[in-house]
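Structure record follows, encoded as structure tokens.
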Amino acid sequence: MNSFTEENYLKEIFKLMQQEDSMVSTNAIADKLGTRAASVTDMLIKLSDKKLVHYKKYQGVTLTSKGKKVALEIIRNHRLWEVFLVEKLQFKWDEVHEMAEELEHINSKEMVLRLDKYLGYPKFDPHGDPIPDDKGKIGVKKSRLLSQLIPNKAAQVLGVVDHSPAFLQYIEKLGIMPGHGIKLKEIIEYDKSISISINGKEPVFISNDVAKNILISA
């Protein structure tokens, strides 16, 4: 039986592995979890002893097949609970992350199977992130950042990189939601801010930092 903290480490290592071409560094994990590198090292040694990660000092870490299985189960639980909280309990998409963080650790595979069935086997959570199936297979839509779109090109919003409530509230006010159409009208050379039209409406300006946190169709 793994602790909640161990499961959270495995989940974040898996996410970082999706972004990195090589092993995930101790510092990257520390930044992601908001903790000290020394604490991360201690946990990685513990996870290595349990055969959940491959850890090499000064090089980094990757998940073992056993660790990846656990990580995908936690991610699946989390994202299914987010769907449930938004669709069935009417919470807003910026309210559900912390609640799902608690619910994801409930250790009942049968309940998760029934939850998945009850929700109609959703493929994506409210933020556009893919939900692993009960076999651990996870679908991936080809995507790129809104900041990479060129003028007069259109795309569809797929999801977000930043899941913080402040960011989600901000882009929702602008009407930027998964599934919405988006067209780049203009790039301001000075600061790389952009003018976009959402679902054919009047253009709005957003910063380059915001554009770098919105995923669109490739």
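Identifiers in the structure tokens: chain A, B, ... in order shown; residue index from 1 per chain; ligand index from 1 in order shown.
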
Taking 4 positions as the minimum chain separation for residues in the same chain, which residues sit within 12 Å of Ser39 of chain A when counting only C-alpha atoms? Answer as a ChimeraX atom specification. /A:5,9,26-27,29-31,33-35,43-46

Deliver the residues from the most recent selection as a file, using C-alpha atoms, as a CSV table (one decimal), in the first residue's frame.
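Heads up, here's the output in selection17.csv:
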chain,number,residue,atom,x,y,z
A,5,THR,CA,2.5,11.4,-0.7
A,9,TYR,CA,5.1,11.9,-6.4
A,26,THR,CA,15.2,16.2,-8.7
A,27,ASN,CA,14.9,20.0,-9.0
A,29,ILE,CA,10.1,17.6,-9.0
A,30,ALA,CA,10.9,19.9,-6.1
A,31,ASP,CA,9.6,22.9,-8.2
A,33,LEU,CA,5.7,20.0,-5.6
A,34,GLY,CA,6.9,23.1,-3.8
A,35,THR,CA,9.4,21.3,-1.6
A,43,MET,CA,11.4,10.1,-1.3
A,44,LEU,CA,13.0,8.9,-4.6
A,45,ILE,CA,15.2,6.6,-2.6
A,46,LYS,CA,12.1,5.2,-0.8

Tell me, as a PyMOL selection string, which residues lie within 10 Å of Asp133 of chain A, counting only C-alpha atoms; anything in the same chain fewer than 3 positions away does not count. chain A and resi 72-73+76+113+116+121-123+130+136-139

For the residues selected in the previous step, produce a file with N, CA and C atoms as a PDB file, in the first residue's frame.
ATOM      1  N   LEU A  72      -0.847   6.171 -13.365  1.00  0.00           N
ATOM      2  CA  LEU A  72      -1.988   6.256 -14.274  1.00  0.00           C
ATOM      3  C   LEU A  72      -3.310   5.997 -13.550  1.00  0.00           C
ATOM      4  N   GLU A  73      -3.287   5.123 -12.560  1.00  0.00           N
ATOM      5  CA  GLU A  73      -4.503   4.877 -11.781  1.00  0.00           C
ATOM      6  C   GLU A  73      -4.918   6.132 -11.016  1.00  0.00           C
ATOM      7  N   ARG A  76      -6.174   8.744 -13.501  1.00  0.00           N
ATOM      8  CA  ARG A  76      -7.520   8.334 -13.940  1.00  0.00           C
ATOM      9  C   ARG A  76      -8.559   8.695 -12.877  1.00  0.00           C
ATOM     10  N   LEU A 113     -14.576   1.979 -11.519  1.00  0.00           N
ATOM     11  CA  LEU A 113     -15.191   1.379 -12.704  1.00  0.00           C
ATOM     12  C   LEU A 113     -16.654   1.810 -12.834  1.00  0.00           C
ATOM     13  N   ASP A 116     -16.840   5.545 -13.773  1.00  0.00           N
ATOM     14  CA  ASP A 116     -16.556   5.698 -15.200  1.00  0.00           C
ATOM     15  C   ASP A 116     -17.812   5.376 -16.033  1.00  0.00           C
ATOM     16  N   TYR A 121     -18.217   6.939 -19.665  1.00  0.00           N
ATOM     17  CA  TYR A 121     -16.851   6.685 -20.148  1.00  0.00           C
ATOM     18  C   TYR A 121     -16.237   7.919 -20.830  1.00  0.00           C
ATOM     19  N   PRO A 122     -16.125   9.026 -20.104  1.00  0.00           N
ATOM     20  CA  PRO A 122     -15.553  10.248 -20.697  1.00  0.00           C
ATOM     21  C   PRO A 122     -14.096  10.053 -21.090  1.00  0.00           C
ATOM     22  N   LYS A 123     -13.685  10.703 -22.149  1.00  0.00           N
ATOM     23  CA  LYS A 123     -12.307  10.608 -22.639  1.00  0.00           C
ATOM     24  C   LYS A 123     -11.432  11.746 -22.109  1.00  0.00           C
ATOM     25  N   PRO A 130      -6.618  14.204 -21.071  1.00  0.00           N
ATOM     26  CA  PRO A 130      -7.122  12.858 -21.377  1.00  0.00           C
ATOM     27  C   PRO A 130      -7.233  11.986 -20.130  1.00  0.00           C
ATOM     28  N   GLY A 136      -5.147   1.428 -18.370  1.00  0.00           N
ATOM     29  CA  GLY A 136      -4.006   2.331 -18.295  1.00  0.00           C
ATOM     30  C   GLY A 136      -3.645   2.983 -19.612  1.00  0.00           C
ATOM     31  N   LYS A 137      -4.457   2.773 -20.640  1.00  0.00           N
ATOM     32  CA  LYS A 137      -4.196   3.419 -21.932  1.00  0.00           C
ATOM     33  C   LYS A 137      -4.725   4.844 -21.884  1.00  0.00           C
ATOM     34  N   ILE A 138      -3.910   5.756 -22.371  1.00  0.00           N
ATOM     35  CA  ILE A 138      -4.282   7.164 -22.314  1.00  0.00           C
ATOM     36  C   ILE A 138      -4.203   7.772 -23.709  1.00  0.00           C
ATOM     37  N   GLY A 139      -5.304   8.325 -24.172  1.00  0.00           N
ATOM     38  CA  GLY A 139      -5.336   8.944 -25.486  1.00  0.00           C
ATOM     39  C   GLY A 139      -4.656  10.305 -25.456  1.00  0.00           C
TER      40      GLY A 139
END

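Distance annotation: of A:Lys51, A:Lys68, A:Lys192, A:Lys153, the residue with the minimal separation from Lys15 of chain A is A:Lys68; atom set is only C-alpha atoms.
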
Please return as a ChimeraX atom specification: the residues of segment 70-184 of chain A that backbone DSSP assigns to alpha helix (DSSP H). /A:70-87,97-103,109-118,165-174

Keeping only C-alpha atoms, write those residues as a PDB file, in the first residue's frame.
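The resulting file, selection39.pdb, is shown below:
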ATOM      1  CA  VAL A  70       0.117   3.394 -10.055  1.00  0.00           C
ATOM      2  CA  ALA A  71       0.538   6.903 -11.514  1.00  0.00           C
ATOM      3  CA  LEU A  72      -1.988   6.256 -14.274  1.00  0.00           C
ATOM      4  CA  GLU A  73      -4.503   4.877 -11.781  1.00  0.00           C
ATOM      5  CA  ILE A  74      -4.249   8.030  -9.666  1.00  0.00           C
ATOM      6  CA  ILE A  75      -4.489  10.296 -12.717  1.00  0.00           C
ATOM      7  CA  ARG A  76      -7.520   8.334 -13.940  1.00  0.00           C
ATOM      8  CA  ASN A  77      -9.212   8.650 -10.551  1.00  0.00           C
ATOM      9  CA  HIS A  78      -8.466  12.367 -10.337  1.00  0.00           C
ATOM     10  CA  ARG A  79      -9.799  13.231 -13.766  1.00  0.00           C
ATOM     11  CA  LEU A  80     -12.941  11.099 -13.422  1.00  0.00           C
ATOM     12  CA  TRP A  81     -13.728  12.802 -10.127  1.00  0.00           C
ATOM     13  CA  GLU A  82     -13.267  16.192 -11.782  1.00  0.00           C
ATOM     14  CA  VAL A  83     -15.811  15.215 -14.448  1.00  0.00           C
ATOM     15  CA  PHE A  84     -18.230  14.066 -11.741  1.00  0.00           C
ATOM     16  CA  LEU A  85     -17.823  17.249  -9.694  1.00  0.00           C
ATOM     17  CA  VAL A  86     -18.379  19.522 -12.699  1.00  0.00           C
ATOM     18  CA  GLU A  87     -21.051  17.610 -14.597  1.00  0.00           C
ATOM     19  CA  HIS A  97      -8.801  20.370  -8.453  1.00  0.00           C
ATOM     20  CA  GLU A  98      -8.264  20.293  -4.686  1.00  0.00           C
ATOM     21  CA  MET A  99     -11.389  18.199  -4.100  1.00  0.00           C
ATOM     22  CA  ALA A 100     -10.259  15.703  -6.738  1.00  0.00           C
ATOM     23  CA  GLU A 101      -6.828  15.632  -5.062  1.00  0.00           C
ATOM     24  CA  GLU A 102      -8.538  14.201  -1.979  1.00  0.00           C
ATOM     25  CA  LEU A 103     -10.874  11.832  -3.828  1.00  0.00           C
ATOM     26  CA  LYS A 109     -11.171  -0.078  -8.221  1.00  0.00           C
ATOM     27  CA  GLU A 110     -14.790  -1.247  -8.381  1.00  0.00           C
ATOM     28  CA  MET A 111     -16.058   2.194  -7.417  1.00  0.00           C
ATOM     29  CA  VAL A 112     -13.904   3.839 -10.088  1.00  0.00           C
ATOM     30  CA  LEU A 113     -15.191   1.379 -12.704  1.00  0.00           C
ATOM     31  CA  ARG A 114     -18.761   2.217 -11.734  1.00  0.00           C
ATOM     32  CA  LEU A 115     -18.006   5.939 -11.692  1.00  0.00           C
ATOM     33  CA  ASP A 116     -16.556   5.698 -15.200  1.00  0.00           C
ATOM     34  CA  LYS A 117     -19.669   3.854 -16.414  1.00  0.00           C
ATOM     35  CA  TYR A 118     -22.008   6.320 -14.661  1.00  0.00           C
ATOM     36  CA  PRO A 165      -8.019  28.777 -10.186  1.00  0.00           C
ATOM     37  CA  ALA A 166      -6.889  32.325 -11.009  1.00  0.00           C
ATOM     38  CA  PHE A 167      -5.870  31.349 -14.547  1.00  0.00           C
ATOM     39  CA  LEU A 168      -9.012  29.284 -15.181  1.00  0.00           C
ATOM     40  CA  GLN A 169     -11.251  32.082 -13.932  1.00  0.00           C
ATOM     41  CA  TYR A 170      -9.459  34.589 -16.153  1.00  0.00           C
ATOM     42  CA  ILE A 171      -9.698  32.662 -19.406  1.00  0.00           C
ATOM     43  CA  GLU A 172     -13.306  31.651 -18.690  1.00  0.00           C
ATOM     44  CA  LYS A 173     -14.182  35.361 -18.464  1.00  0.00           C
ATOM     45  CA  LEU A 174     -12.608  35.753 -21.897  1.00  0.00           C
TER      46      LEU A 174
END

Please list as a ChimeraX atom specification every residue within 8 Å of Ala218 of chain A, counting only C-alpha atoms and excluding residues in the same chain fewer than 4 positions away. /A:142-144,155

Mind pulling up the distance from atom CA of Val161 of chain A to atom CA of Ser195 of chain A? 19.8 Å

Nearest-residue call for Leu215 of chain A, choices A:Asp134, A:Glu202, A:Asp129, A:Asp49, using only C-alpha atoms: A:Asp129

Among segment 107-179 of chain A, which ones does DSSP place in strand (DSSP E), written as a VMD selection string? chain A and resid 143 to 145 154 to 160

Restricting it to N, CA and C atoms, dump the selection as a short mmCIF file (atom, residue, chain, number, x, y, z; two decimals), in the first residue's frame.
data_model
loop_
_atom_site.label_atom_id
_atom_site.label_comp_id
_atom_site.auth_asym_id
_atom_site.auth_seq_id
_atom_site.Cartn_x
_atom_site.Cartn_y
_atom_site.Cartn_z
N SER A 143 -1.35 18.47 -30.04
CA SER A 143 -1.65 19.85 -29.67
C SER A 143 -0.40 20.71 -29.77
N ARG A 144 -0.60 21.99 -29.68
CA ARG A 144 0.48 22.96 -29.60
C ARG A 144 -0.02 24.13 -28.75
N LEU A 145 0.86 25.06 -28.46
CA LEU A 145 0.48 26.20 -27.65
C LEU A 145 -0.14 27.29 -28.52
N ALA A 154 -6.91 29.47 -37.77
CA ALA A 154 -7.91 29.09 -36.77
C ALA A 154 -7.57 27.74 -36.18
N ALA A 155 -8.02 27.50 -34.97
CA ALA A 155 -7.79 26.23 -34.29
C ALA A 155 -8.89 26.04 -33.26
N GLN A 156 -8.82 24.91 -32.55
CA GLN A 156 -9.77 24.62 -31.49
C GLN A 156 -9.03 24.55 -30.16
N VAL A 157 -9.64 25.10 -29.12
CA VAL A 157 -9.05 25.02 -27.79
C VAL A 157 -9.19 23.59 -27.28
N LEU A 158 -8.07 22.98 -26.89
CA LEU A 158 -8.08 21.60 -26.39
C LEU A 158 -7.97 21.52 -24.87
N GLY A 159 -7.25 22.44 -24.27
CA GLY A 159 -7.05 22.38 -22.83
C GLY A 159 -6.13 23.47 -22.35
N VAL A 160 -5.61 23.29 -21.13
CA VAL A 160 -4.75 24.30 -20.53
C VAL A 160 -3.53 23.65 -19.91
#

Show me a table, sorted first by chain and then by increasing residue number, of the residues of segment 85-151 of chain A having an atom at most 7 Å from segment 181-185 of chain A, each with its shortest atom pair and the distance in Å to one decimal, counting only C-alpha atoms and written as a tab-separated table.
residue	atom	partner	partner_atom	distance
A:Leu149	CA	A:Leu184	CA	6.9
A:Ile150	CA	A:Leu184	CA	6.6
A:Pro151	CA	A:Leu184	CA	5.0

Selection export as a PDB file, in the first residue's frame, atoms kept: N, CA and C atoms:
ATOM      1  N   LEU A 149       0.547  29.734 -32.699  1.00  0.00           N
ATOM      2  CA  LEU A 149      -0.357  29.931 -33.833  1.00  0.00           C
ATOM      3  C   LEU A 149       0.088  31.150 -34.631  1.00  0.00           C
ATOM      4  N   ILE A 150      -0.129  31.122 -35.941  1.00  0.00           N
ATOM      5  CA  ILE A 150       0.252  32.261 -36.783  1.00  0.00           C
ATOM      6  C   ILE A 150      -0.992  33.045 -37.180  1.00  0.00           C
ATOM      7  N   PRO A 151      -0.832  34.336 -37.505  1.00  0.00           N
ATOM      8  CA  PRO A 151      -1.983  35.193 -37.823  1.00  0.00           C
ATOM      9  C   PRO A 151      -2.874  34.617 -38.923  1.00  0.00           C
TER      10      PRO A 151
END

Non-local contacts of Gln59 of chain A (12 Å; only C-alpha atoms; under 2 positions in same chain excluded) as a ChimeraX atom specification: /A:22-28,41,54-57,61-62

Could those residues be written to a file, using N, CA and C atoms, as an mmCIF file, in the first residue's frame?
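Here's the written file part10.cif:
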data_model
loop_
_atom_site.group_PDB
_atom_site.id
_atom_site.type_symbol
_atom_site.label_atom_id
_atom_site.label_comp_id
_atom_site.auth_asym_id
_atom_site.auth_seq_id
_atom_site.Cartn_x
_atom_site.Cartn_y
_atom_site.Cartn_z
ATOM 1 N N SER A 22 14.360 13.274 -21.439
ATOM 2 C CA SER A 22 15.242 12.385 -20.698
ATOM 3 C C SER A 22 14.690 12.169 -19.297
ATOM 4 N N MET A 23 15.568 11.802 -18.370
ATOM 5 C CA MET A 23 15.139 11.567 -16.998
ATOM 6 C C MET A 23 14.661 12.871 -16.350
ATOM 7 N N VAL A 24 13.746 12.756 -15.403
ATOM 8 C CA VAL A 24 13.214 13.915 -14.699
ATOM 9 C C VAL A 24 14.164 14.272 -13.562
ATOM 10 N N SER A 25 14.538 15.538 -13.468
ATOM 11 C CA SER A 25 15.494 15.952 -12.452
ATOM 12 C C SER A 25 14.833 16.129 -11.090
ATOM 13 N N THR A 26 15.653 16.010 -10.061
ATOM 14 C CA THR A 26 15.186 16.228 -8.695
ATOM 15 C C THR A 26 14.654 17.640 -8.525
ATOM 16 N N ASN A 27 15.338 18.612 -9.118
ATOM 17 C CA ASN A 27 14.918 20.014 -8.992
ATOM 18 C C ASN A 27 13.570 20.258 -9.659
ATOM 19 N N ALA A 28 13.324 19.589 -10.797
ATOM 20 C CA ALA A 28 12.036 19.749 -11.480
ATOM 21 C C ALA A 28 10.894 19.248 -10.605
ATOM 22 N N THR A 41 14.871 13.872 -2.864
ATOM 23 C CA THR A 41 15.863 12.788 -2.924
ATOM 24 C C THR A 41 15.505 11.662 -1.955
ATOM 25 N N HIS A 54 13.091 4.240 -11.256
ATOM 26 C CA HIS A 54 14.517 4.037 -11.504
ATOM 27 C C HIS A 54 15.187 5.367 -11.156
ATOM 28 N N TYR A 55 15.979 5.377 -10.104
ATOM 29 C CA TYR A 55 16.604 6.619 -9.657
ATOM 30 C C TYR A 55 18.116 6.524 -9.740
ATOM 31 N N LYS A 56 18.731 7.527 -10.392
ATOM 32 C CA LYS A 56 20.188 7.610 -10.465
ATOM 33 C C LYS A 56 20.622 8.952 -9.907
ATOM 34 N N LYS A 57 21.430 8.911 -8.876
ATOM 35 C CA LYS A 57 21.898 10.127 -8.226
ATOM 36 C C LYS A 57 22.589 11.057 -9.222
ATOM 37 N N VAL A 61 15.310 10.618 -12.549
ATOM 38 C CA VAL A 61 14.425 9.507 -12.240
ATOM 39 C C VAL A 61 13.452 9.254 -13.383
ATOM 40 N N THR A 62 13.086 8.006 -13.557
ATOM 41 C CA THR A 62 11.983 7.617 -14.431
ATOM 42 C C THR A 62 11.131 6.605 -13.671
#
